[in-house]
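One structure is given here, and the rest of the page talks about it.
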Amino acid sequence: MSNLDKRVAELAAKYHPLAIEILKEAIRIPADYVDRPVEQGGDPRCGTSNHEFPRLDYLRRRIVEIGAVRRPEDVDFDAFGNLVWTVSDPSDGIPADQKKVIYLDGHTDTVKPLRDVWLAKTNGGVDVYNGLIDRSKITKAMLEKELGWVPPETEWDNLLFGRGSADQLGGVIAQIVASKIMLELAPEGALKGVIVRSYATVCEEDNDGAGPMYVMRNVLPGAKPELIPDVVILTDSTGDAKKGALGIYRGQRGRMQIEVTVTGRSSHGSMPWMGLNPLEYGGAIIKEAAEKYEKRDGFLDNPFLGHGTRTASWATLDSPSDCAVPARFVFRFDRRLTIGETPEQAVKDVENLSSVAAARAAGLEVEVAIPVYPDASWKGYVLNNPQIYLGWVTPEDHPAIKAAVTSYEGVVSPHVNGKQNEGGFIPKEPRVDRWIFSTDGVGYPVPKDDTSIPVTASKNWVVSGAYKHPAMFGFAPGIEQNTHKIAECVDVREVRHAVAFLARFPSVFAAGQ
């Protein structure tokens, strides 16, 4: 253990209570807005995608107050609404254009809170915003039914409950406290040769990678080297219910939305022969698509990322009444793309279903398309991006992954005793793996022939097929199988070690180049 490893770990422990204080408040803040009338500044969707401002404004103020930036002007919002802050050591004698640039990226929005459901299922023991209310009202059986991983009851005091605790406010707060530690330890080399640029992004739950998509489209084209990342660390939860917490995740499948619109002819329900029923024909399309997926017909597999998937995920029906043949049925497939699968082929696979041909032959219109994300961010910015989110993999032998393993061994391994594949404990040995779900990482790949972003060879970006992206990996508190769940929670011990890792990685990476 180097002296800097020791100092980083000491400060991560020292500032652990501060991290938990900020995390609790970041989870709680929407409670001040969701029940307040709109005319009095309320927002029933506060904290969800495109409604993050109160949380972000709080985090911006705390970043300044706790000294996580050198100057207040080092943290601000970009035009999309992402909160951005930067730390570096201007006295390290290394020109800015020669420093390694590390992005820390975590999203600040959550899925729908479902407050009443939380209270009902936890018997009033846990509130979605205020966390644990009465421990005596929650049982291990209840938590095990709702969650993927629950530690032994003797360790429940380490659990922090609330929407966003695991996905992924714990990671964002780890970025903030790590920034404070890096600045404090700059005289000891924690920021030597690096620029650490942190993003607390918006709209990820609705539109994966929207924050970095904005950056890749509007910030990096023509940018100076000191803005272009060598490495991106994604702070979305990297724990697994069986394999262990705090994995180093170096890839994920892509995903896309495929929207099918079936338009028929409405009629009175007593005379269905007068109509063309889009619900019935559309149901046949969904059924055939599910059967083909069950047989893995048209799906590829990859030993690292897993196989591609397709499932019906959303629908809406236009009908004059519940006693009529509907006029139109619109539904979507969530399609996860593994290596070798393309969005174009995924759409063709749906177009080529025999049930689609049957609907058209019967006189219905069937449109298969990729929807565009239309909603504005809290700042009013509309990306209008097709809902295609590209997968990515960083090779295990990339210097960024090697530096991640070294960092873990320096500041996490000496302080934990867990074993891999024995539940959601923090393992002593670093675990290099991949996500099951999707992250902000999908926003970083660009066409490999794109020359608008001046990427030099020294940046060592990854080229994969027709795309390129900065080296990326994930490291953050939270168990993946506990996200989006009732009684979502995070083990706060993971937050401490995530802070230490994020504070140590930049100097390890820079020293290894």
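Letters A, B, ... go to the chains of the structure tokens in the order shown; residues in each chain start at 1; ligands are counted from 1 in the same order.
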
Q: Run DSSP on the backbone and give me the residues of segment 155-235 of chain A it puts in alpha helix (DSSP H), as a list of chain:residue names.
A: A:Gly170, A:Gly171, A:Val172, A:Ile173, A:Ala174, A:Gln175, A:Ile176, A:Val177, A:Ala178, A:Ser179, A:Lys180, A:Ile181, A:Met182, A:Leu183, A:Glu184, A:Ala210, A:Gly211, A:Pro212, A:Met213, A:Tyr214, A:Val215, A:Met216, A:Arg217, A:Asn218

Could you save the residues just selected, with N, CA, C and O atoms, as an mmCIF file, in the first residue's frame?
```
data_model
loop_
_atom_site.group_PDB
_atom_site.id
_atom_site.type_symbol
_atom_site.label_atom_id
_atom_site.label_comp_id
_atom_site.auth_asym_id
_atom_site.auth_seq_id
_atom_site.Cartn_x
_atom_site.Cartn_y
_atom_site.Cartn_z
ATOM 1 N N GLY A 170 -25.994 7.283 -5.210
ATOM 2 C CA GLY A 170 -24.805 6.953 -4.441
ATOM 3 C C GLY A 170 -23.534 7.164 -5.248
ATOM 4 O O GLY A 170 -22.516 7.632 -4.722
ATOM 5 N N GLY A 171 -23.585 6.838 -6.545
ATOM 6 C CA GLY A 171 -22.430 7.050 -7.405
ATOM 7 C C GLY A 171 -22.122 8.511 -7.623
ATOM 8 O O GLY A 171 -20.950 8.923 -7.637
ATOM 9 N N VAL A 172 -23.168 9.316 -7.807
ATOM 10 C CA VAL A 172 -22.964 10.756 -8.016
ATOM 11 C C VAL A 172 -22.348 11.402 -6.776
ATOM 12 O O VAL A 172 -21.413 12.209 -6.886
ATOM 13 N N ILE A 173 -22.846 11.035 -5.609
ATOM 14 C CA ILE A 173 -22.293 11.604 -4.372
ATOM 15 C C ILE A 173 -20.853 11.124 -4.178
ATOM 16 O O ILE A 173 -19.989 11.871 -3.680
ATOM 17 N N ALA A 174 -20.550 9.906 -4.592
ATOM 18 C CA ALA A 174 -19.163 9.423 -4.527
ATOM 19 C C ALA A 174 -18.259 10.288 -5.400
ATOM 20 O O ALA A 174 -17.121 10.590 -5.015
ATOM 21 N N GLN A 175 -18.742 10.705 -6.560
ATOM 22 C CA GLN A 175 -17.972 11.605 -7.417
ATOM 23 C C GLN A 175 -17.663 12.910 -6.693
ATOM 24 O O GLN A 175 -16.545 13.440 -6.756
ATOM 25 N N ILE A 176 -18.664 13.454 -6.007
ATOM 26 C CA ILE A 176 -18.508 14.744 -5.331
ATOM 27 C C ILE A 176 -17.474 14.665 -4.213
ATOM 28 O O ILE A 176 -16.555 15.492 -4.124
ATOM 29 N N VAL A 177 -17.612 13.657 -3.355
ATOM 30 C CA VAL A 177 -16.696 13.553 -2.218
ATOM 31 C C VAL A 177 -15.297 13.164 -2.691
ATOM 32 O O VAL A 177 -14.286 13.619 -2.130
ATOM 33 N N ALA A 178 -15.205 12.362 -3.748
ATOM 34 C CA ALA A 178 -13.897 12.039 -4.314
ATOM 35 C C ALA A 178 -13.205 13.292 -4.842
ATOM 36 O O ALA A 178 -11.983 13.449 -4.706
ATOM 37 N N SER A 179 -13.988 14.204 -5.420
ATOM 38 C CA SER A 179 -13.411 15.463 -5.904
ATOM 39 C C SER A 179 -12.807 16.263 -4.755
ATOM 40 O O SER A 179 -11.717 16.840 -4.878
ATOM 41 N N LYS A 180 -13.507 16.286 -3.633
ATOM 42 C CA LYS A 180 -12.995 16.986 -2.447
ATOM 43 C C LYS A 180 -11.673 16.364 -1.988
ATOM 44 O O LYS A 180 -10.704 17.085 -1.681
ATOM 45 N N ILE A 181 -11.612 15.042 -1.973
ATOM 46 C CA ILE A 181 -10.401 14.366 -1.515
ATOM 47 C C ILE A 181 -9.244 14.617 -2.471
ATOM 48 O O ILE A 181 -8.100 14.869 -2.051
ATOM 49 N N MET A 182 -9.513 14.559 -3.776
ATOM 50 C CA MET A 182 -8.445 14.802 -4.746
ATOM 51 C C MET A 182 -7.854 16.195 -4.583
ATOM 52 O O MET A 182 -6.636 16.379 -4.656
ATOM 53 N N LEU A 183 -8.695 17.183 -4.351
ATOM 54 C CA LEU A 183 -8.188 18.533 -4.143
ATOM 55 C C LEU A 183 -7.370 18.618 -2.859
ATOM 56 O O LEU A 183 -6.300 19.247 -2.825
ATOM 57 N N GLU A 184 -7.860 17.975 -1.816
ATOM 58 C CA GLU A 184 -7.152 18.015 -0.535
ATOM 59 C C GLU A 184 -5.795 17.340 -0.631
ATOM 60 O O GLU A 184 -4.818 17.763 0.016
ATOM 61 N N ALA A 210 -28.346 10.405 -22.728
ATOM 62 C CA ALA A 210 -28.695 11.720 -23.279
ATOM 63 C C ALA A 210 -27.665 12.772 -22.897
ATOM 64 O O ALA A 210 -27.270 13.597 -23.734
ATOM 65 N N GLY A 211 -27.223 12.759 -21.628
ATOM 66 C CA GLY A 211 -26.236 13.745 -21.181
ATOM 67 C C GLY A 211 -24.956 13.684 -21.986
ATOM 68 O O GLY A 211 -24.510 14.696 -22.546
ATOM 69 N N PRO A 212 -24.305 12.517 -22.084
ATOM 70 C CA PRO A 212 -23.098 12.449 -22.906
ATOM 71 C C PRO A 212 -23.356 12.625 -24.403
ATOM 72 O O PRO A 212 -22.476 13.098 -25.119
ATOM 73 N N MET A 213 -24.556 12.268 -24.884
ATOM 74 C CA MET A 213 -24.862 12.544 -26.295
ATOM 75 C C MET A 213 -24.740 14.038 -26.573
ATOM 76 O O MET A 213 -24.182 14.453 -27.595
ATOM 77 N N TYR A 214 -25.264 14.837 -25.643
ATOM 78 C CA TYR A 214 -25.149 16.285 -25.800
ATOM 79 C C TYR A 214 -23.683 16.701 -25.857
ATOM 80 O O TYR A 214 -23.279 17.506 -26.700
ATOM 81 N N VAL A 215 -22.873 16.138 -24.978
ATOM 82 C CA VAL A 215 -21.447 16.484 -24.927
ATOM 83 C C VAL A 215 -20.754 16.099 -26.229
ATOM 84 O O VAL A 215 -19.985 16.891 -26.799
ATOM 85 N N MET A 216 -21.028 14.898 -26.716
ATOM 86 C CA MET A 216 -20.357 14.425 -27.937
ATOM 87 C C MET A 216 -20.784 15.235 -29.156
ATOM 88 O O MET A 216 -20.007 15.418 -30.096
ATOM 89 N N ARG A 217 -22.007 15.737 -29.152
ATOM 90 C CA ARG A 217 -22.506 16.517 -30.291
ATOM 91 C C ARG A 217 -22.119 17.995 -30.226
ATOM 92 O O ARG A 217 -21.869 18.621 -31.261
ATOM 93 N N ASN A 218 -22.072 18.538 -29.017
ATOM 94 C CA ASN A 218 -22.002 19.992 -28.893
ATOM 95 C C ASN A 218 -20.785 20.539 -28.167
ATOM 96 O O ASN A 218 -20.502 21.734 -28.274
#
```

Could you pull the residues within 10 Å of Leu390 of chain A, counting only C-alpha atoms, minus those fewer than 5 positions along the same chain, as a CSV table (one decimal) with C-alpha atoms, in the first residue's frame?
```
chain,number,residue,atom,x,y,z
A,208,ASP,CA,-30.1,6.5,-21.9
A,209,GLY,CA,-26.9,8.5,-22.5
A,252,GLN,CA,-22.7,-3.5,-21.7
A,253,ARG,CA,-25.2,-4.5,-24.4
A,254,GLY,CA,-26.8,-1.8,-26.4
A,255,ARG,CA,-30.5,-1.3,-26.6
A,256,MET,CA,-33.2,0.2,-28.8
A,336,ARG,CA,-31.1,-5.4,-26.2
A,337,LEU,CA,-28.3,-5.7,-28.7
A,338,THR,CA,-25.3,-7.8,-28.2
A,339,ILE,CA,-22.1,-7.8,-30.2
A,342,THR,CA,-27.4,-4.1,-35.5
A,343,PRO,CA,-30.4,-1.8,-35.1
A,438,SER,CA,-27.9,0.0,-19.7
A,441,GLY,CA,-22.0,4.8,-21.6
A,442,VAL,CA,-24.3,4.4,-24.7
A,443,GLY,CA,-24.0,8.1,-25.2
A,444,TYR,CA,-20.2,8.1,-26.0
A,445,PRO,CA,-19.7,6.0,-29.1
A,446,VAL,CA,-19.4,7.9,-32.4
A,467,TYR,CA,-17.8,3.0,-33.9
```

Where in segment 293-362 of chain A does DSSP assign strand (DSSP E), given as a PDB file with N, CA and C atoms, in the first residue's frame?
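Once written, states-v8.pdb looks like this:
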```
ATOM      1  N   THR A 309     -31.801  -9.662 -26.581  1.00  0.00           N
ATOM      2  CA  THR A 309     -33.154  -9.945 -26.091  1.00  0.00           C
ATOM      3  C   THR A 309     -34.165  -9.039 -26.765  1.00  0.00           C
ATOM      4  N   ARG A 310     -35.424  -9.464 -26.684  1.00  0.00           N
ATOM      5  CA  ARG A 310     -36.523  -8.618 -27.179  1.00  0.00           C
ATOM      6  C   ARG A 310     -37.755  -8.915 -26.335  1.00  0.00           C
ATOM      7  N   THR A 311     -38.397  -7.866 -25.854  1.00  0.00           N
ATOM      8  CA  THR A 311     -39.613  -8.048 -25.077  1.00  0.00           C
ATOM      9  C   THR A 311     -40.555  -6.876 -25.310  1.00  0.00           C
ATOM     10  N   ALA A 312     -41.857  -7.158 -25.340  1.00  0.00           N
ATOM     11  CA  ALA A 312     -42.846  -6.082 -25.444  1.00  0.00           C
ATOM     12  C   ALA A 312     -42.822  -5.285 -24.155  1.00  0.00           C
ATOM     13  N   SER A 313     -42.730  -3.946 -24.279  1.00  0.00           N
ATOM     14  CA  SER A 313     -42.466  -3.141 -23.087  1.00  0.00           C
ATOM     15  C   SER A 313     -43.445  -1.997 -22.851  1.00  0.00           C
ATOM     16  N   TRP A 314     -44.280  -1.672 -23.836  1.00  0.00           N
ATOM     17  CA  TRP A 314     -45.147  -0.483 -23.696  1.00  0.00           C
ATOM     18  C   TRP A 314     -46.230  -0.562 -24.754  1.00  0.00           C
ATOM     19  N   ALA A 315     -47.406  -0.023 -24.458  1.00  0.00           N
ATOM     20  CA  ALA A 315     -48.479  -0.031 -25.454  1.00  0.00           C
ATOM     21  C   ALA A 315     -49.494   1.055 -25.160  1.00  0.00           C
ATOM     22  N   THR A 316     -50.196   1.482 -26.210  1.00  0.00           N
ATOM     23  CA  THR A 316     -51.329   2.400 -26.069  1.00  0.00           C
ATOM     24  C   THR A 316     -52.367   2.027 -27.111  1.00  0.00           C
ATOM     25  N   LEU A 317     -53.620   2.220 -26.774  1.00  0.00           N
ATOM     26  CA  LEU A 317     -54.718   1.801 -27.636  1.00  0.00           C
ATOM     27  C   LEU A 317     -55.660   2.969 -27.889  1.00  0.00           C
ATOM     28  N   ASP A 318     -55.951   3.235 -29.159  1.00  0.00           N
ATOM     29  CA  ASP A 318     -56.931   4.254 -29.524  1.00  0.00           C
ATOM     30  C   ASP A 318     -58.245   3.558 -29.839  1.00  0.00           C
ATOM     31  N   ALA A 324     -66.107  -1.418 -28.557  1.00  0.00           N
ATOM     32  CA  ALA A 324     -65.869  -1.130 -29.971  1.00  0.00           C
ATOM     33  C   ALA A 324     -64.613  -1.851 -30.436  1.00  0.00           C
ATOM     34  N   VAL A 325     -64.526  -2.065 -31.739  1.00  0.00           N
ATOM     35  CA  VAL A 325     -63.267  -2.476 -32.344  1.00  0.00           C
ATOM     36  C   VAL A 325     -62.358  -1.251 -32.339  1.00  0.00           C
ATOM     37  N   ARG A 328     -56.638   1.950 -33.496  1.00  0.00           N
ATOM     38  CA  ARG A 328     -55.188   1.871 -33.637  1.00  0.00           C
ATOM     39  C   ARG A 328     -54.568   1.292 -32.374  1.00  0.00           C
ATOM     40  N   PHE A 329     -53.534   0.489 -32.565  1.00  0.00           N
ATOM     41  CA  PHE A 329     -52.804  -0.119 -31.467  1.00  0.00           C
ATOM     42  C   PHE A 329     -51.321   0.149 -31.696  1.00  0.00           C
ATOM     43  N   VAL A 330     -50.666   0.809 -30.727  1.00  0.00           N
ATOM     44  CA  VAL A 330     -49.244   1.128 -30.833  1.00  0.00           C
ATOM     45  C   VAL A 330     -48.523   0.450 -29.667  1.00  0.00           C
ATOM     46  N   PHE A 331     -47.471  -0.270 -29.980  1.00  0.00           N
ATOM     47  CA  PHE A 331     -46.698  -0.917 -28.915  1.00  0.00           C
ATOM     48  C   PHE A 331     -45.219  -0.882 -29.270  1.00  0.00           C
ATOM     49  N   ARG A 332     -44.401  -1.123 -28.258  1.00  0.00           N
ATOM     50  CA  ARG A 332     -42.957  -1.079 -28.449  1.00  0.00           C
ATOM     51  C   ARG A 332     -42.297  -2.350 -27.931  1.00  0.00           C
ATOM     52  N   PHE A 333     -41.207  -2.690 -28.599  1.00  0.00           N
ATOM     53  CA  PHE A 333     -40.315  -3.736 -28.123  1.00  0.00           C
ATOM     54  C   PHE A 333     -39.062  -3.086 -27.560  1.00  0.00           C
ATOM     55  N   ASP A 334     -38.652  -3.553 -26.383  1.00  0.00           N
ATOM     56  CA  ASP A 334     -37.334  -3.216 -25.850  1.00  0.00           C
ATOM     57  C   ASP A 334     -36.381  -4.276 -26.400  1.00  0.00           C
ATOM     58  N   ARG A 335     -35.437  -3.850 -27.219  1.00  0.00           N
ATOM     59  CA  ARG A 335     -34.510  -4.787 -27.875  1.00  0.00           C
ATOM     60  C   ARG A 335     -33.105  -4.540 -27.367  1.00  0.00           C
ATOM     61  N   ARG A 336     -32.524  -5.517 -26.678  1.00  0.00           N
ATOM     62  CA  ARG A 336     -31.141  -5.410 -26.219  1.00  0.00           C
ATOM     63  C   ARG A 336     -30.235  -6.033 -27.282  1.00  0.00           C
ATOM     64  N   LEU A 337     -29.192  -5.299 -27.637  1.00  0.00           N
ATOM     65  CA  LEU A 337     -28.320  -5.686 -28.741  1.00  0.00           C
ATOM     66  C   LEU A 337     -26.963  -6.141 -28.226  1.00  0.00           C
TER      67      LEU A 337
END
```

Determine, for each residue of segment 364-436 of chain A having at least one atom at most 6 Å from an atom of segment 234-244 of chain A, the closest pair of atoms and their separation in Å to one decimal, counting only C-alpha atoms; order by chain and ascending number, as JSON lines.
```
{"residue": "A:Gln420", "atom": "CA", "partner": "A:Lys243", "partner_atom": "CA", "distance": 5.3}
{"residue": "A:Asn421", "atom": "CA", "partner": "A:Lys243", "partner_atom": "CA", "distance": 3.8}
{"residue": "A:Glu422", "atom": "CA", "partner": "A:Lys242", "partner_atom": "CA", "distance": 5.9}
{"residue": "A:Gly423", "atom": "CA", "partner": "A:Lys242", "partner_atom": "CA", "distance": 4.1}
{"residue": "A:Gly424", "atom": "CA", "partner": "A:Gly244", "partner_atom": "CA", "distance": 4.2}
{"residue": "A:Phe425", "atom": "CA", "partner": "A:Gly244", "partner_atom": "CA", "distance": 5.1}
{"residue": "A:Ile426", "atom": "CA", "partner": "A:Gly244", "partner_atom": "CA", "distance": 5.7}
```

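Restricting the calculation to only C-alpha atoms, the smallest distance between Leu56 of chain A and any of A:Asn460, A:Thr201, A:Ser270, A:Thr154 is found for A:Thr201.
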
Q: Could you give me, as an NGL selection string, the residues within 12 Å of His469 of chain A, counting only C-alpha atoms and dropping anything in the same chain fewer than 3 positions from it?
A: :A and (212-213 or 216 or 228-232 or 251 or 390-395 or 441-450 or 453 or 455 or 459-466 or 472-473)

Q. Could you name the residues that touch segment 116-124 of chain A at 8 Å or less, counting only C-alpha atoms, but leaving out those on the same chain fewer than 3 positions away, as JSON, numbers by chain?
A. {"A": [127, 128, 133, 134, 137, 138, 142, 486, 487]}

Selected residues, C-alpha atoms, written as a PDB file, in the first residue's frame, please.
```pdb
ATOM      1  CA  ASP A 127     -40.733   5.880   2.598  1.00  0.00           C
ATOM      2  CA  VAL A 128     -39.458   6.415  -0.914  1.00  0.00           C
ATOM      3  CA  ILE A 133     -39.263   5.011   9.133  1.00  0.00           C
ATOM      4  CA  ASP A 134     -39.751   1.992  11.377  1.00  0.00           C
ATOM      5  CA  LYS A 137     -42.285  -3.050  10.342  1.00  0.00           C
ATOM      6  CA  ILE A 138     -40.011  -4.567   7.717  1.00  0.00           C
ATOM      7  CA  MET A 142     -40.471  -8.986   2.612  1.00  0.00           C
ATOM      8  CA  ILE A 486     -39.648  -1.377  -4.116  1.00  0.00           C
ATOM      9  CA  ALA A 487     -37.445  -0.870  -1.010  1.00  0.00           C
TER      10      ALA A 487
END
```

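Of the listed residues (A:Gly193, A:Gly148, A:Pro430, A:Gly247), A:Gly193 comes nearest to Ala511 of chain A; the distances count only C-alpha atoms.
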
Q: Compile the contact shell of Thr86 of chain A as a list in words: residues with an atom at most 7 Å away, counting only C-alpha atoms, same-chain residues fewer than 5 positions apart removed.
A: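 The neighbour list is Val69, Asp74, Val75, Val196, Arg197 and Ser198 of chain A.
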
Q | Residue contacts of segment 24-37 of chain A (7 Å, only C-alpha atoms) excluding same-chain residues fewer than 4 positions away, as number ranges by chain | A | A: 20, 41-47, 55, 129-130, 162-165

Q. Leaving out Val405 of chain A and any residue of its chain fewer than 3 positions from it, which residues lie within 12 Å of it when counting only C-alpha atoms, given as a ChimeraX atom specification?
A. /A:246-250,396-402,408-413,428-433,473-475,501,504-505,508-509

Create the file for the chosen residues now, containing C-alpha atoms and written as a compact mmCIF listing (two decimals), in the first residue's frame.
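Output saved as result-v3.txt:
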```txt
# COMPACT_ATOMS: atom_id res chain seq x y z
CA LEU A 246 -18.32 -2.94 -6.49
CA GLY A 247 -17.38 -4.70 -9.70
CA ILE A 248 -15.27 -3.09 -12.40
CA TYR A 249 -17.63 -3.22 -15.38
CA ARG A 250 -16.04 -2.85 -18.79
CA GLU A 396 -9.57 -6.09 -20.48
CA ASP A 397 -5.95 -5.35 -21.37
CA HIS A 398 -6.59 -1.63 -21.89
CA PRO A 399 -4.46 0.55 -19.54
CA ALA A 400 -7.65 1.99 -18.04
CA ILE A 401 -8.85 -1.43 -16.88
CA LYS A 402 -5.41 -2.33 -15.57
CA TYR A 408 -9.01 -1.33 -6.26
CA GLU A 409 -6.13 -3.36 -4.85
CA GLY A 410 -4.66 -0.22 -3.32
CA VAL A 411 -7.64 1.41 -1.60
CA VAL A 412 -10.42 -1.20 -1.39
CA SER A 413 -8.84 -4.65 -0.99
CA LYS A 428 -11.31 -8.54 -1.49
CA GLU A 429 -10.20 -9.41 -5.02
CA PRO A 430 -11.30 -7.03 -7.79
CA ARG A 431 -14.03 -8.43 -10.05
CA VAL A 432 -13.93 -7.38 -13.70
CA ASP A 433 -17.31 -7.99 -15.33
CA PHE A 473 -15.71 1.25 -17.32
CA GLY A 474 -18.07 1.40 -14.40
CA PHE A 475 -17.48 1.42 -10.65
CA PHE A 501 -11.56 4.31 -5.68
CA ARG A 504 -7.31 7.27 -6.38
CA PHE A 505 -7.84 6.11 -9.97
CA VAL A 508 -2.82 5.69 -10.82
CA PHE A 509 -3.90 5.95 -14.45
```

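Among A:Ala376, A:Lys99, A:Leu279, A:His107, the residue with the shortest atom-to-atom distance to Val260 of chain A, counting only C-alpha atoms, is A:Leu279.
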
Q: Have a look at atom CA of Gly222 of chain A and atom CA of Asp97 of chain A and let me know their distance in Å, one decimal.
A: 13.8 Å

Q | Å distance separating atom CA of Leu147 of chain A from atom CA of Ala200 of chain A, one decimal place | A |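 Distance between the two atoms: 26.1 Å.
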
(Q) One decimal, in Å: what's the spacing between atom CA of Asp109 of chain A and atom CA of Tyr373 of chain A? (A)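 One can read the atom CA of Asp109 of chain A to atom CA of Tyr373 of chain A distance as 16.3 Å.
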